[in-house]
$ cat data-v9.csv   # CSV, C-alpha atoms and all ligand atoms
chain,number,residue,atom,x,y,z
D,1,MET,CA,15.7,-9.9,20.8
D,2,THR,CA,18.5,-8.6,18.7
D,3,ARG,CA,18.7,-4.9,18.0
D,4,LEU,CA,20.1,-5.1,14.4
D,5,ALA,CA,21.8,-2.4,12.4
D,6,ILE,CA,22.3,-2.9,8.7
D,7,VAL,CA,25.1,-0.7,7.3
D,8,SER,CA,25.2,-0.2,3.6
D,9,PRO,CA,27.8,1.9,1.8
D,10,CYS,CA,26.5,4.0,-1.2
D,11,TYR,CA,28.6,5.5,-3.9
D,12,ASN,CA,26.6,7.0,-6.7
D,13,GLU,CA,23.8,4.5,-6.1
D,14,GLU,CA,20.7,6.6,-7.1
D,15,ALA,CA,19.7,3.9,-9.6
D,16,VAL,CA,19.3,1.2,-6.9
D,17,LEU,CA,18.7,2.9,-3.6
D,18,ASP,CA,14.9,3.2,-3.7
D,19,SER,CA,14.4,-0.4,-4.6
D,20,SER,CA,17.1,-1.6,-2.1
D,21,ALA,CA,15.4,0.4,0.6
D,22,ARG,CA,12.0,-1.2,-0.2
D,23,ARG,CA,13.5,-4.7,-0.1
D,24,LEU,CA,15.2,-4.0,3.3
D,25,ASP,CA,12.0,-2.5,4.6
D,26,ALA,CA,10.1,-5.6,3.8
D,27,LEU,CA,12.8,-7.8,5.3
D,28,PHE,CA,12.7,-5.8,8.5
D,29,ASP,CA,8.9,-6.1,8.7
D,30,ARG,CA,9.2,-9.8,8.3
D,31,MET,CA,12.0,-10.3,10.8
D,32,THR,CA,10.3,-8.0,13.4
D,33,SER,CA,7.0,-9.9,13.1
D,34,ASP,CA,8.9,-13.2,13.4
D,35,GLY,CA,10.3,-11.9,16.6
D,36,LEU,CA,13.9,-12.2,15.3
D,37,ILE,CA,14.9,-8.5,15.7
D,38,ALA,CA,13.8,-5.7,17.9
D,39,PRO,CA,11.5,-3.1,16.5
D,40,ASP,CA,14.1,-0.3,16.9
D,41,SER,CA,16.5,-2.1,14.5
D,42,PHE,CA,17.5,0.1,11.6
D,43,VAL,CA,19.3,0.6,8.3
D,44,LEU,CA,22.2,3.0,8.1
D,45,PHE,CA,23.1,4.2,4.6
D,46,VAL,CA,26.6,5.6,4.3
D,47,ASN,CA,26.9,8.1,1.5
D,48,ASP,CA,30.5,7.8,0.4
D,49,GLY,CA,30.9,11.2,-1.3
D,50,SER,CA,28.5,10.4,-4.2
D,51,ARG,CA,28.2,13.0,-7.0
D,52,ASP,CA,24.6,12.0,-7.9
D,53,SER,CA,21.4,12.3,-5.9
D,54,THR,CA,22.2,9.5,-3.5
D,55,TRP,CA,22.2,11.7,-0.4
D,56,GLU,CA,18.9,13.4,-1.4
D,57,ILE,CA,17.4,9.9,-1.6
D,58,ILE,CA,18.8,8.9,1.7
D,59,SER,CA,17.5,12.1,3.3
D,60,ARG,CA,14.1,11.5,1.8
D,61,LEU,CA,14.0,7.9,3.1
D,62,HIS,CA,15.0,9.1,6.5
D,63,LYS,CA,12.3,11.8,6.6
D,64,ALA,CA,9.7,9.2,5.6
D,65,ASN,CA,10.8,6.7,8.2
D,66,PRO,CA,13.4,8.1,10.6
D,67,HIS,CA,13.4,5.0,12.9
D,68,ARG,CA,14.1,2.6,10.1
D,69,PHE,CA,16.4,4.6,7.8
D,70,LYS,CA,19.3,6.5,9.1
D,71,GLY,CA,21.9,8.3,6.9
D,72,LEU,CA,25.6,9.2,7.3
D,73,ASP,CA,27.0,11.6,4.8
D,74,LEU,CA,30.8,11.4,4.5
D,75,ALA,CA,32.5,14.7,3.4
D,76,ARG,CA,34.1,13.0,0.4
D,77,ASN,CA,34.7,9.7,-1.3
D,78,VAL,CA,36.9,7.5,1.0
D,79,GLY,CA,36.3,4.1,-0.6
D,80,HIS,CA,34.2,1.1,0.2
D,81,GLN,CA,36.3,-0.2,3.2
D,82,ASN,CA,36.5,3.2,5.0
D,83,ALA,CA,32.8,3.9,4.3
D,84,ILE,CA,31.9,0.6,5.9
D,85,MET,CA,34.1,1.4,8.9
D,86,ALA,CA,32.5,4.8,9.3
D,87,GLY,CA,29.0,3.2,9.3
D,88,MET,CA,29.9,0.4,11.7
D,89,MET,CA,31.6,2.7,14.2
D,90,THR,CA,28.5,5.0,14.0
D,91,ALA,CA,26.0,2.2,14.5
D,92,ARG,CA,28.1,0.4,17.1
D,93,ASP,CA,26.5,2.2,20.2
D,94,MET,CA,23.0,1.8,18.8
D,95,ALA,CA,22.9,-1.9,18.1
D,96,ASP,CA,23.7,-5.4,19.4
D,97,ALA,CA,24.9,-6.5,16.0
D,98,VAL,CA,25.8,-4.9,12.7
D,99,ILE,CA,25.5,-6.5,9.3
D,100,THR,CA,27.3,-4.9,6.3
D,101,ILE,CA,25.9,-5.3,2.9
D,102,ASP,CA,26.5,-3.5,-0.4
D,103,ALA,CA,23.8,-1.1,-1.4
D,104,ASP,CA,23.0,-2.9,-4.7
D,105,LEU,CA,21.9,-5.9,-2.5
D,106,GLN,CA,23.6,-8.4,-4.8
D,107,ASP,CA,24.0,-10.6,-1.7
D,108,ASP,CA,21.4,-13.0,-0.5
D,109,LEU,CA,18.8,-11.2,1.7
D,110,ASP,CA,17.6,-14.6,2.9
D,111,ALA,CA,21.0,-15.0,4.6
D,112,ILE,CA,20.3,-12.1,6.9
D,113,PRO,CA,17.8,-13.9,9.2
D,114,ARG,CA,20.1,-16.8,9.3
D,115,MET,CA,23.0,-14.5,10.4
D,116,VAL,CA,20.8,-13.1,13.1
D,117,GLU,CA,19.8,-16.6,14.3
D,118,ALA,CA,23.5,-17.5,14.4
D,119,PHE,CA,24.2,-14.4,16.4
D,120,ALA,CA,21.4,-15.3,18.8
D,121,GLU,CA,23.0,-18.7,19.2
D,122,GLY,CA,26.2,-17.0,20.4
D,123,TYR,CA,28.3,-16.4,17.4
D,124,ASP,CA,30.1,-13.0,17.3
D,125,VAL,CA,31.1,-13.1,13.6
D,126,VAL,CA,28.9,-14.6,10.8
D,127,TYR,CA,30.5,-14.6,7.4
D,128,GLY,CA,28.4,-14.6,4.2
D,129,VAL,CA,30.2,-17.0,1.9
D,130,LYS,CA,29.5,-16.9,-1.8
D,131,VAL,CA,28.5,-20.4,-2.8
D,132,GLU,CA,27.0,-19.4,-6.1
D,133,ARG,CA,28.3,-16.4,-8.1
D,134,THR,CA,27.3,-17.1,-11.6
D,135,ALA,CA,25.7,-13.7,-11.6
D,136,ASP,CA,29.1,-12.1,-11.4
D,137,PRO,CA,30.9,-11.4,-14.7
D,138,VAL,CA,33.3,-14.3,-15.5
D,139,LEU,CA,36.4,-12.1,-15.4
D,140,LYS,CA,35.5,-10.7,-12.0
D,141,ARG,CA,34.7,-14.2,-10.6
D,142,LEU,CA,38.0,-15.7,-11.9
D,143,SER,CA,40.2,-12.8,-10.8
D,144,ALA,CA,38.6,-12.8,-7.3
D,145,GLN,CA,39.1,-16.5,-6.9
D,146,ALA,CA,42.7,-16.3,-8.1
D,147,PHE,CA,43.2,-13.5,-5.6
D,148,TYR,CA,41.8,-15.5,-2.7
D,149,ARG,CA,44.2,-18.3,-3.5
D,150,LEU,CA,47.2,-16.0,-3.8
D,151,GLN,CA,46.2,-14.5,-0.5
D,152,GLU,CA,46.2,-17.9,1.1
D,153,LYS,CA,49.7,-18.7,-0.3
D,154,MET,CA,50.9,-15.4,1.2
D,155,GLY,CA,49.7,-16.6,4.6
D,156,VAL,CA,46.9,-14.0,4.9
D,157,LYS,CA,44.2,-15.5,7.1
D,158,ALA,CA,40.9,-14.7,5.3
D,159,ILE,CA,37.7,-16.6,4.5
D,160,TYR,CA,37.6,-18.0,1.0
D,161,ASN,CA,34.9,-16.5,-1.2
D,162,HIS,CA,33.8,-14.1,1.5
D,163,ALA,CA,33.7,-10.4,0.7
D,164,ASP,CA,32.2,-7.8,3.1
D,165,PHE,CA,28.8,-9.3,3.7
D,166,ARG,CA,28.9,-10.2,7.4
D,167,LEU,CA,27.5,-9.8,10.8
D,168,LEU,CA,29.6,-8.5,13.7
D,169,SER,CA,28.6,-8.4,17.3
D,170,ARG,CA,29.1,-5.3,19.4
D,171,ARG,CA,32.1,-6.6,21.2
D,172,VAL,CA,33.8,-7.4,17.9
D,173,LEU,CA,33.1,-3.8,16.8
D,174,ASP,CA,34.6,-2.6,20.0
D,175,GLU,CA,37.7,-4.6,19.3
D,176,LEU,CA,37.8,-3.4,15.7
D,177,SER,CA,37.7,0.2,16.9
D,178,ARG,CA,41.1,-0.4,18.5
D,179,TYR,CA,42.7,-1.1,15.1
D,180,ARG,CA,44.5,2.1,14.1
D,181,GLU,CA,45.5,1.1,10.6
D,182,LYS,CA,44.8,3.2,7.6
D,183,ASN,CA,45.2,0.6,4.8
D,184,LEU,CA,42.0,-0.9,5.9
D,185,TYR,CA,41.3,-4.5,4.7
D,186,LEU,CA,38.4,-5.7,6.9
D,187,ARG,CA,38.5,-9.3,5.4
D,188,GLY,CA,41.9,-9.7,6.9
D,189,ILE,CA,41.3,-7.9,10.2
D,190,ILE,CA,38.1,-9.6,11.3
D,191,PRO,CA,39.6,-13.2,11.4
D,192,GLN,CA,42.5,-11.8,13.5
D,193,ILE,CA,40.2,-10.5,16.2
D,194,GLY,CA,38.9,-14.0,16.9
D,195,PHE,CA,35.7,-14.8,18.9
D,196,PRO,CA,33.3,-17.6,17.8
D,197,SER,CA,32.5,-17.4,14.2
D,198,THR,CA,30.5,-19.3,11.6
D,199,THR,CA,29.4,-18.9,8.0
D,200,VAL,CA,26.1,-18.8,6.1
D,201,ASP,CA,25.6,-19.4,2.4
D,202,ASP,CA,25.3,-16.4,0.1
D,203,VAL,CA,23.9,-16.7,-3.4
D,204,ILE,CA,24.9,-13.7,-5.5
D,205,SER,CA,22.4,-12.1,-7.8
D,206,PRO,CA,23.0,-9.6,-10.6
D,207,ARG,CA,23.2,-5.9,-9.9
D,208,GLN,CA,19.6,-4.5,-10.1
D,209,ALA,CA,20.6,-1.3,-11.8
D,210,GLY,CA,23.5,1.0,-12.4
D,211,LYS,CA,27.1,0.0,-13.1
D,212,SER,CA,29.7,-1.5,-10.7
D,213,LYS,CA,31.2,1.2,-8.5
D,214,TYR,CA,34.3,-0.8,-8.1
D,215,SER,CA,36.6,0.4,-10.8
D,216,LEU,CA,39.7,-1.6,-11.8
D,217,SER,CA,42.0,0.7,-9.9
D,218,LYS,CA,39.8,0.5,-6.8
D,219,MET,CA,39.8,-3.3,-7.1
D,220,LEU,CA,43.6,-3.4,-7.6
D,221,SER,CA,44.3,-1.2,-4.6
D,222,LEU,CA,42.0,-3.4,-2.4
D,223,ALA,CA,43.9,-6.5,-3.6
D,224,LEU,CA,47.3,-4.9,-2.8
D,225,ASP,CA,46.0,-3.8,0.6
D,226,GLY,CA,44.8,-7.4,1.2
D,227,ILE,CA,48.3,-8.7,0.7
D,228,THR,CA,50.7,-6.0,1.8
D,229,SER,CA,48.7,-5.1,5.0
D,230,PHE,CA,48.9,-8.6,6.2
D,231,SER,CA,51.9,-10.4,4.8
D,232,VAL,CA,55.6,-9.5,4.5
D,233,LYS,CA,56.2,-12.6,2.3
D,234,PRO,CA,56.7,-10.5,-0.8
D,235,LEU,CA,59.7,-8.8,0.9
D,236,TYR,CA,61.2,-12.2,1.8
D,237,ALA,CA,60.6,-13.4,-1.8
D,238,ILE,CA,62.8,-10.6,-3.0
D,239,LEU,CA,65.5,-11.6,-0.6
D,240,TYR,CA,65.4,-15.2,-1.9
D,241,ILE,CA,65.4,-14.1,-5.6
D,242,GLY,CA,68.3,-11.8,-4.8
D,243,LEU,CA,70.2,-14.8,-3.3
D,244,ILE,CA,69.5,-16.9,-6.4
D,245,PHE,CA,70.8,-14.1,-8.6
D,246,ILE,CA,74.0,-13.9,-6.6
D,247,LEU,CA,74.5,-17.7,-7.0
D,248,ILE,CA,74.0,-17.4,-10.7
D,249,SER,CA,76.5,-14.5,-11.0
D,250,LEU,CA,79.0,-16.6,-9.0
D,251,GLY,CA,78.5,-19.4,-11.6
D,252,ILE,CA,79.1,-16.9,-14.4
D,253,GLY,CA,82.2,-15.6,-12.6
D,254,VAL,CA,83.6,-19.1,-12.5
D,255,TYR,CA,82.9,-19.5,-16.2
D,256,VAL,CA,84.7,-16.2,-17.0
D,257,ILE,CA,87.8,-17.3,-15.2
D,258,TYR,CA,87.7,-20.6,-16.9
D,259,SER,CA,87.3,-19.0,-20.3
D,260,LEU,CA,90.2,-16.7,-19.6
D,261,PHE,CA,92.5,-19.6,-19.0
D,262,ALA,CA,91.1,-21.6,-21.9
D,263,HIS,CA,91.6,-18.6,-24.3
D,264,THR,CA,88.1,-18.9,-25.6
D,265,ALA,CA,86.9,-15.7,-27.3
D,266,VAL,CA,84.7,-13.3,-25.4
D,267,HIS,CA,81.9,-12.1,-27.7
D,268,GLY,CA,79.2,-11.3,-25.2
D,269,TRP,CA,77.6,-8.1,-26.3
D,270,ALA,CA,74.1,-9.6,-26.5
D,271,SER,CA,74.4,-11.5,-23.3
D,272,LEU,CA,75.8,-8.4,-21.6
D,273,MET,CA,72.9,-6.3,-22.7
D,274,LEU,CA,70.5,-9.0,-21.7
D,275,SER,CA,71.8,-9.2,-18.2
D,276,VAL,CA,71.8,-5.5,-17.9
D,277,TRP,CA,68.1,-5.4,-18.6
D,278,LEU,CA,67.4,-8.4,-16.6
D,279,VAL,CA,69.1,-7.1,-13.5
D,280,GLY,CA,67.7,-3.7,-14.1
D,281,GLY,CA,64.2,-5.1,-14.2
D,282,PHE,CA,64.8,-7.1,-11.1
D,283,ILE,CA,66.1,-4.1,-9.2
D,284,LEU,CA,63.1,-2.0,-10.3
D,285,ILE,CA,60.6,-4.7,-9.2
D,286,SER,CA,62.4,-5.0,-5.8
D,287,LEU,CA,62.4,-1.3,-5.3
D,288,GLY,CA,58.7,-1.2,-6.2
D,289,ALA,CA,57.8,-3.9,-3.7
D,290,VAL,CA,59.9,-2.2,-1.0
D,291,GLY,CA,58.2,1.0,-2.0
D,292,LEU,CA,54.8,-0.5,-1.4
D,293,TYR,CA,55.6,-1.2,2.2
D,294,VAL,CA,57.4,2.1,2.8
D,295,GLY,CA,54.4,3.9,1.3
D,296,LYS,CA,52.2,2.1,3.8
D,297,ILE,CA,54.5,2.9,6.7
D,298,TYR,CA,54.3,6.5,5.6
D,299,GLN,CA,50.5,6.5,5.7
D,300,GLU,CA,50.3,4.7,9.0
D,301,VAL,CA,52.8,7.1,10.6
D,302,LYS,CA,50.7,10.0,9.6
D,303,ASP,CA,47.8,8.5,11.6
D,304,ARG,CA,45.2,10.4,9.7
D,305,PRO,CA,41.5,9.9,10.6
D,306,LEU,CA,39.8,7.4,8.2
D,307,TYR,CA,36.8,9.6,7.5
D,308,HIS,CA,35.1,12.8,8.4
D,309,ILE,CA,31.4,12.9,9.1
D,310,GLY,CA,29.5,15.7,7.5
D,311,GLN,CA,26.0,15.0,8.8
D,312,PHE,CA,24.3,12.3,10.8
D,313,LEU,CA,20.6,11.7,10.5
D,314,ASP,CA,19.6,9.9,13.7
Z,401,LIG,N1,31.3,1.8,-2.8
Z,401,LIG,C1,31.6,2.8,-1.9
Z,401,LIG,N2,32.7,3.6,-2.2
Z,401,LIG,C2,33.4,3.5,-3.4
Z,401,LIG,C3,33.1,2.4,-4.3
Z,401,LIG,C4,32.0,1.6,-4.0
Z,401,LIG,O1,31.0,2.9,-0.9
Z,401,LIG,O2,34.3,4.2,-3.6
Z,401,LIG,C5,30.1,0.9,-2.5
Z,401,LIG,C6,29.1,0.8,-3.6
Z,401,LIG,O3,28.1,1.8,-3.5
Z,401,LIG,C7,28.4,-0.6,-3.2
Z,401,LIG,C8,29.6,-1.4,-2.7
Z,401,LIG,O4,30.6,-0.4,-2.4
Z,401,LIG,O5,27.5,-0.5,-2.2
Z,401,LIG,C9,30.2,-2.4,-3.7
Z,401,LIG,O6,30.3,-1.8,-5.0
Z,401,LIG,P1,29.8,-2.5,-6.3
Z,401,LIG,O7,28.5,-3.2,-6.0
Z,401,LIG,O8,29.8,-1.5,-7.4
Z,401,LIG,O9,30.9,-3.5,-6.5
Z,401,LIG,P2,30.8,-5.0,-7.2
Z,401,LIG,O10,29.6,-5.6,-6.7
Z,401,LIG,O11,30.9,-4.7,-8.6
Z,401,LIG,O12,32.1,-5.6,-6.6
Z,402,MG,MG,27.8,-5.0,-6.3
$ encode --input "data-v9.csv" --output "structure tokens"
Amino acid sequence: MTRLAIVSPCYNEEAVLDSSARRLDALFDRMTSDGLIAPDSFVLFVNDGSRDSTWEIISRLHKANPHRFKGLDLARNVGHQNAIMAGMMTARDMADAVITIDADLQDDLDAIPRMVEAFAEGYDVVYGVKVERTADPVLKRLSAQAFYRLQEKMGVKAIYNHADFRLLSRRVLDELSRYREKNLYLRGIIPQIGFPSTTVDDVISPRQAGKSKYSLSKMLSLALDGITSFSVKPLYAILYIGLIFILISLGIGVYVIYSLFAHTAVHGWASLMLSVWLVGGFILISLGAVGLYVGKIYQEVKDRPLYHIGQFLD
């Protein structure tokens, strides 16, 4: 029987936590009586530096049922990916498999028993793949799908329409713990680890309460991590664009020499200004792209810990 840990990151989730805990509780009862998971399976809520009463709720849940609900209180907000990592690394020694799911339980709870079944069949990684996400706002859905495609073009190996709803076996977690990177993008790392993997369908439902905790800036920075942490293609693209620019300027040079000999008047103020701006813009964009990578190297070199645990309710 599988000893299962469900890891759920919470950032200002007081509006949904109680109802999410109730739903998980019922799910655990069902799976335990079906003989699917061991009775000492548990839920680990990771409080990612919430400013509301999230931690109080987690503590209360733990007090009422310490075997089922555990809590991890991070010292400050470190973001979704790092919070998940903190939870998984904490649960790793206490479970055979860990499933990560967002605290608002927008993912399909029915997929969880199927994930555990797949694990029992020998799969180390089970991805929840969104088959139906009409509950997501249109803009979010479209931008996410455009991003998945861009990622594919950039050569990043990631599962299409899969976010962070997945099951990982203990040995995958052990391997994951060896990744030292700070710009964490789990969707890119997990497929790199390997081991047998499969998918289960995940039907997204609307958020039960509260607003999305993924601000535009958090989403953008995740998307940038998703590409810059796994692909150097943007750097190569700059190189090629630069080459094309040099070719164009060679062409212009030929034309200038020709017009000198042909005595055609040079009245190029507008085109001069245009090219100054064009080239200036190009240089800035290139610098920005290079800066992205340099910034990441800077962060990796510092080798700072991903999170600091304030308290662990076991
Ligand atoms: N979250 C987190 N830290 C953050 C932002 C979000 O732990 O800094 C958690 C949040 O509590 C939720 C999950 O990440 O459990 C996904 O956030 P949300 O449901 O708001 O995102 P959306 O479903 O809108 O993409
Ligand atoms: Mg959500």
$ atom_distance --input "data-v9.csv" --atom1 "atom CA of Arg3 of chain D" --atom2 "atom CA of Gln192 of chain D"
25.2 Å
$ atom_distance --input "data-v9.csv" --atom1 "atom CA of Thr228 of chain D" --atom2 "atom CA of Leu150 of chain D"
12.0 Å
$ closest_atom_pairs --input "data-v9.csv" --of "chain D" --to "ligand LIG 401 (chain Z)" --cutoff "8 Å" --atoms "only C-alpha atoms and all ligand atoms" --output "Markdown table"
| residue | atom | partner | partner_atom | distance |
| --- | --- | --- | --- | --- |
| D:Ser8 | CA | Z:LIG401 | O5 | 6.2 |
| D:Pro9 | CA | Z:LIG401 | O1 | 4.3 |
| D:Cys10 | CA | Z:LIG401 | O3 | 3.6 |
| D:Tyr11 | CA | Z:LIG401 | O3 | 3.8 |
| D:Asn12 | CA | Z:LIG401 | O3 | 6.3 |
| D:Glu13 | CA | Z:LIG401 | O3 | 5.7 |
| D:Val46 | CA | Z:LIG401 | O1 | 7.3 |
| D:Asn47 | CA | Z:LIG401 | O1 | 7.0 |
| D:Asp48 | CA | Z:LIG401 | O1 | 5.1 |
| D:Gly49 | CA | Z:LIG401 | N2 | 7.9 |
| D:Asn77 | CA | Z:LIG401 | O2 | 6.0 |
| D:Val78 | CA | Z:LIG401 | O2 | 6.2 |
| D:Gly79 | CA | Z:LIG401 | O2 | 3.6 |
| D:His80 | CA | Z:LIG401 | C1 | 3.7 |
| D:Gln81 | CA | Z:LIG401 | O1 | 7.4 |
| D:Ala83 | CA | Z:LIG401 | O1 | 5.6 |
| D:Ile84 | CA | Z:LIG401 | O1 | 7.2 |
| D:Ile101 | CA | Z:LIG401 | O5 | 7.2 |
| D:Asp102 | CA | Z:LIG401 | O5 | 3.6 |
| D:Ala103 | CA | Z:LIG401 | O5 | 3.8 |
| D:Asp104 | CA | Z:LIG401 | O7 | 5.7 |
| D:Leu105 | CA | Z:LIG401 | O5 | 7.8 |
| D:Gln106 | CA | Z:LIG401 | O10 | 6.9 |
| D:Arg207 | CA | Z:LIG401 | O7 | 7.1 |
| D:Lys211 | CA | Z:LIG401 | O8 | 6.5 |
| D:Ser212 | CA | Z:LIG401 | O8 | 3.3 |
| D:Lys213 | CA | Z:LIG401 | O8 | 3.2 |
| D:Tyr214 | CA | Z:LIG401 | O8 | 4.6 |
| D:Ser215 | CA | Z:LIG401 | C3 | 7.6 |
| D:Lys218 | CA | Z:LIG401 | O2 | 7.4 |
$ closest_residue --input "data-v9.csv" --among "D:Asp136, D:Asp93, D:Asp303, D:Asp201" --to "ligand MG 402 (chain Z)" --atoms "all atoms listed in the file"
D:Asp136
$ atom_distance --input "data-v9.csv" --atom1 "atom CA of Gln311 of chain D" --atom2 "atom CA of Val172 of chain D"
25.4 Å
$ closest_residue --input "data-v9.csv" --among "D:Ser169, D:Ser177, D:Ser41, D:Thr199" --to "Phe119 of chain D" --atoms "all atoms listed in the file"
D:Ser169
$ residues_around --input "data-v9.csv" --residues "segment 160-168 of chain D" --least-positions-apart "6" --cutoff "9 Å" --atoms "all atoms listed in the file" --output "MDAnalysis selection string"
chainID D and resid 6 81 84 96:102 107 112 115:116 119 123:131 144:145 148:149 152 186:187 190 199 202
$ write_last_selection --input "data-v9.csv" --atoms "C-alpha atoms" --output "PDB file, in the frame of the given file"
ATOM      1  CA  ILE D   6      22.300  -2.900   8.700  1.00  0.00           C
ATOM      2  CA  GLN D  81      36.300  -0.200   3.200  1.00  0.00           C
ATOM      3  CA  ILE D  84      31.900   0.600   5.900  1.00  0.00           C
ATOM      4  CA  ASP D  96      23.700  -5.400  19.400  1.00  0.00           C
ATOM      5  CA  ALA D  97      24.900  -6.500  16.000  1.00  0.00           C
ATOM      6  CA  VAL D  98      25.800  -4.900  12.700  1.00  0.00           C
ATOM      7  CA  ILE D  99      25.500  -6.500   9.300  1.00  0.00           C
ATOM      8  CA  THR D 100      27.300  -4.900   6.300  1.00  0.00           C
ATOM      9  CA  ILE D 101      25.900  -5.300   2.900  1.00  0.00           C
ATOM     10  CA  ASP D 102      26.500  -3.500  -0.400  1.00  0.00           C
ATOM     11  CA  ASP D 107      24.000 -10.600  -1.700  1.00  0.00           C
ATOM     12  CA  ILE D 112      20.300 -12.100   6.900  1.00  0.00           C
ATOM     13  CA  MET D 115      23.000 -14.500  10.400  1.00  0.00           C
ATOM     14  CA  VAL D 116      20.800 -13.100  13.100  1.00  0.00           C
ATOM     15  CA  PHE D 119      24.200 -14.400  16.400  1.00  0.00           C
ATOM     16  CA  TYR D 123      28.300 -16.400  17.400  1.00  0.00           C
ATOM     17  CA  ASP D 124      30.100 -13.000  17.300  1.00  0.00           C
ATOM     18  CA  VAL D 125      31.100 -13.100  13.600  1.00  0.00           C
ATOM     19  CA  VAL D 126      28.900 -14.600  10.800  1.00  0.00           C
ATOM     20  CA  TYR D 127      30.500 -14.600   7.400  1.00  0.00           C
ATOM     21  CA  GLY D 128      28.400 -14.600   4.200  1.00  0.00           C
ATOM     22  CA  VAL D 129      30.200 -17.000   1.900  1.00  0.00           C
ATOM     23  CA  LYS D 130      29.500 -16.900  -1.800  1.00  0.00           C
ATOM     24  CA  VAL D 131      28.500 -20.400  -2.800  1.00  0.00           C
ATOM     25  CA  ALA D 144      38.600 -12.800  -7.300  1.00  0.00           C
ATOM     26  CA  GLN D 145      39.100 -16.500  -6.900  1.00  0.00           C
ATOM     27  CA  TYR D 148      41.800 -15.500  -2.700  1.00  0.00           C
ATOM     28  CA  ARG D 149      44.200 -18.300  -3.500  1.00  0.00           C
ATOM     29  CA  GLU D 152      46.200 -17.900   1.100  1.00  0.00           C
ATOM     30  CA  LEU D 186      38.400  -5.700   6.900  1.00  0.00           C
ATOM     31  CA  ARG D 187      38.500  -9.300   5.400  1.00  0.00           C
ATOM     32  CA  ILE D 190      38.100  -9.600  11.300  1.00  0.00           C
ATOM     33  CA  THR D 199      29.400 -18.900   8.000  1.00  0.00           C
ATOM     34  CA  ASP D 202      25.300 -16.400   0.100  1.00  0.00           C
TER      35      ASP D 202
END
$ closest_residue --input "data-v9.csv" --among "D:Leu72, D:Ala111, D:Leu4, D:Leu61" --to "Met94 of chain D" --atoms "only C-alpha atoms"
D:Leu4
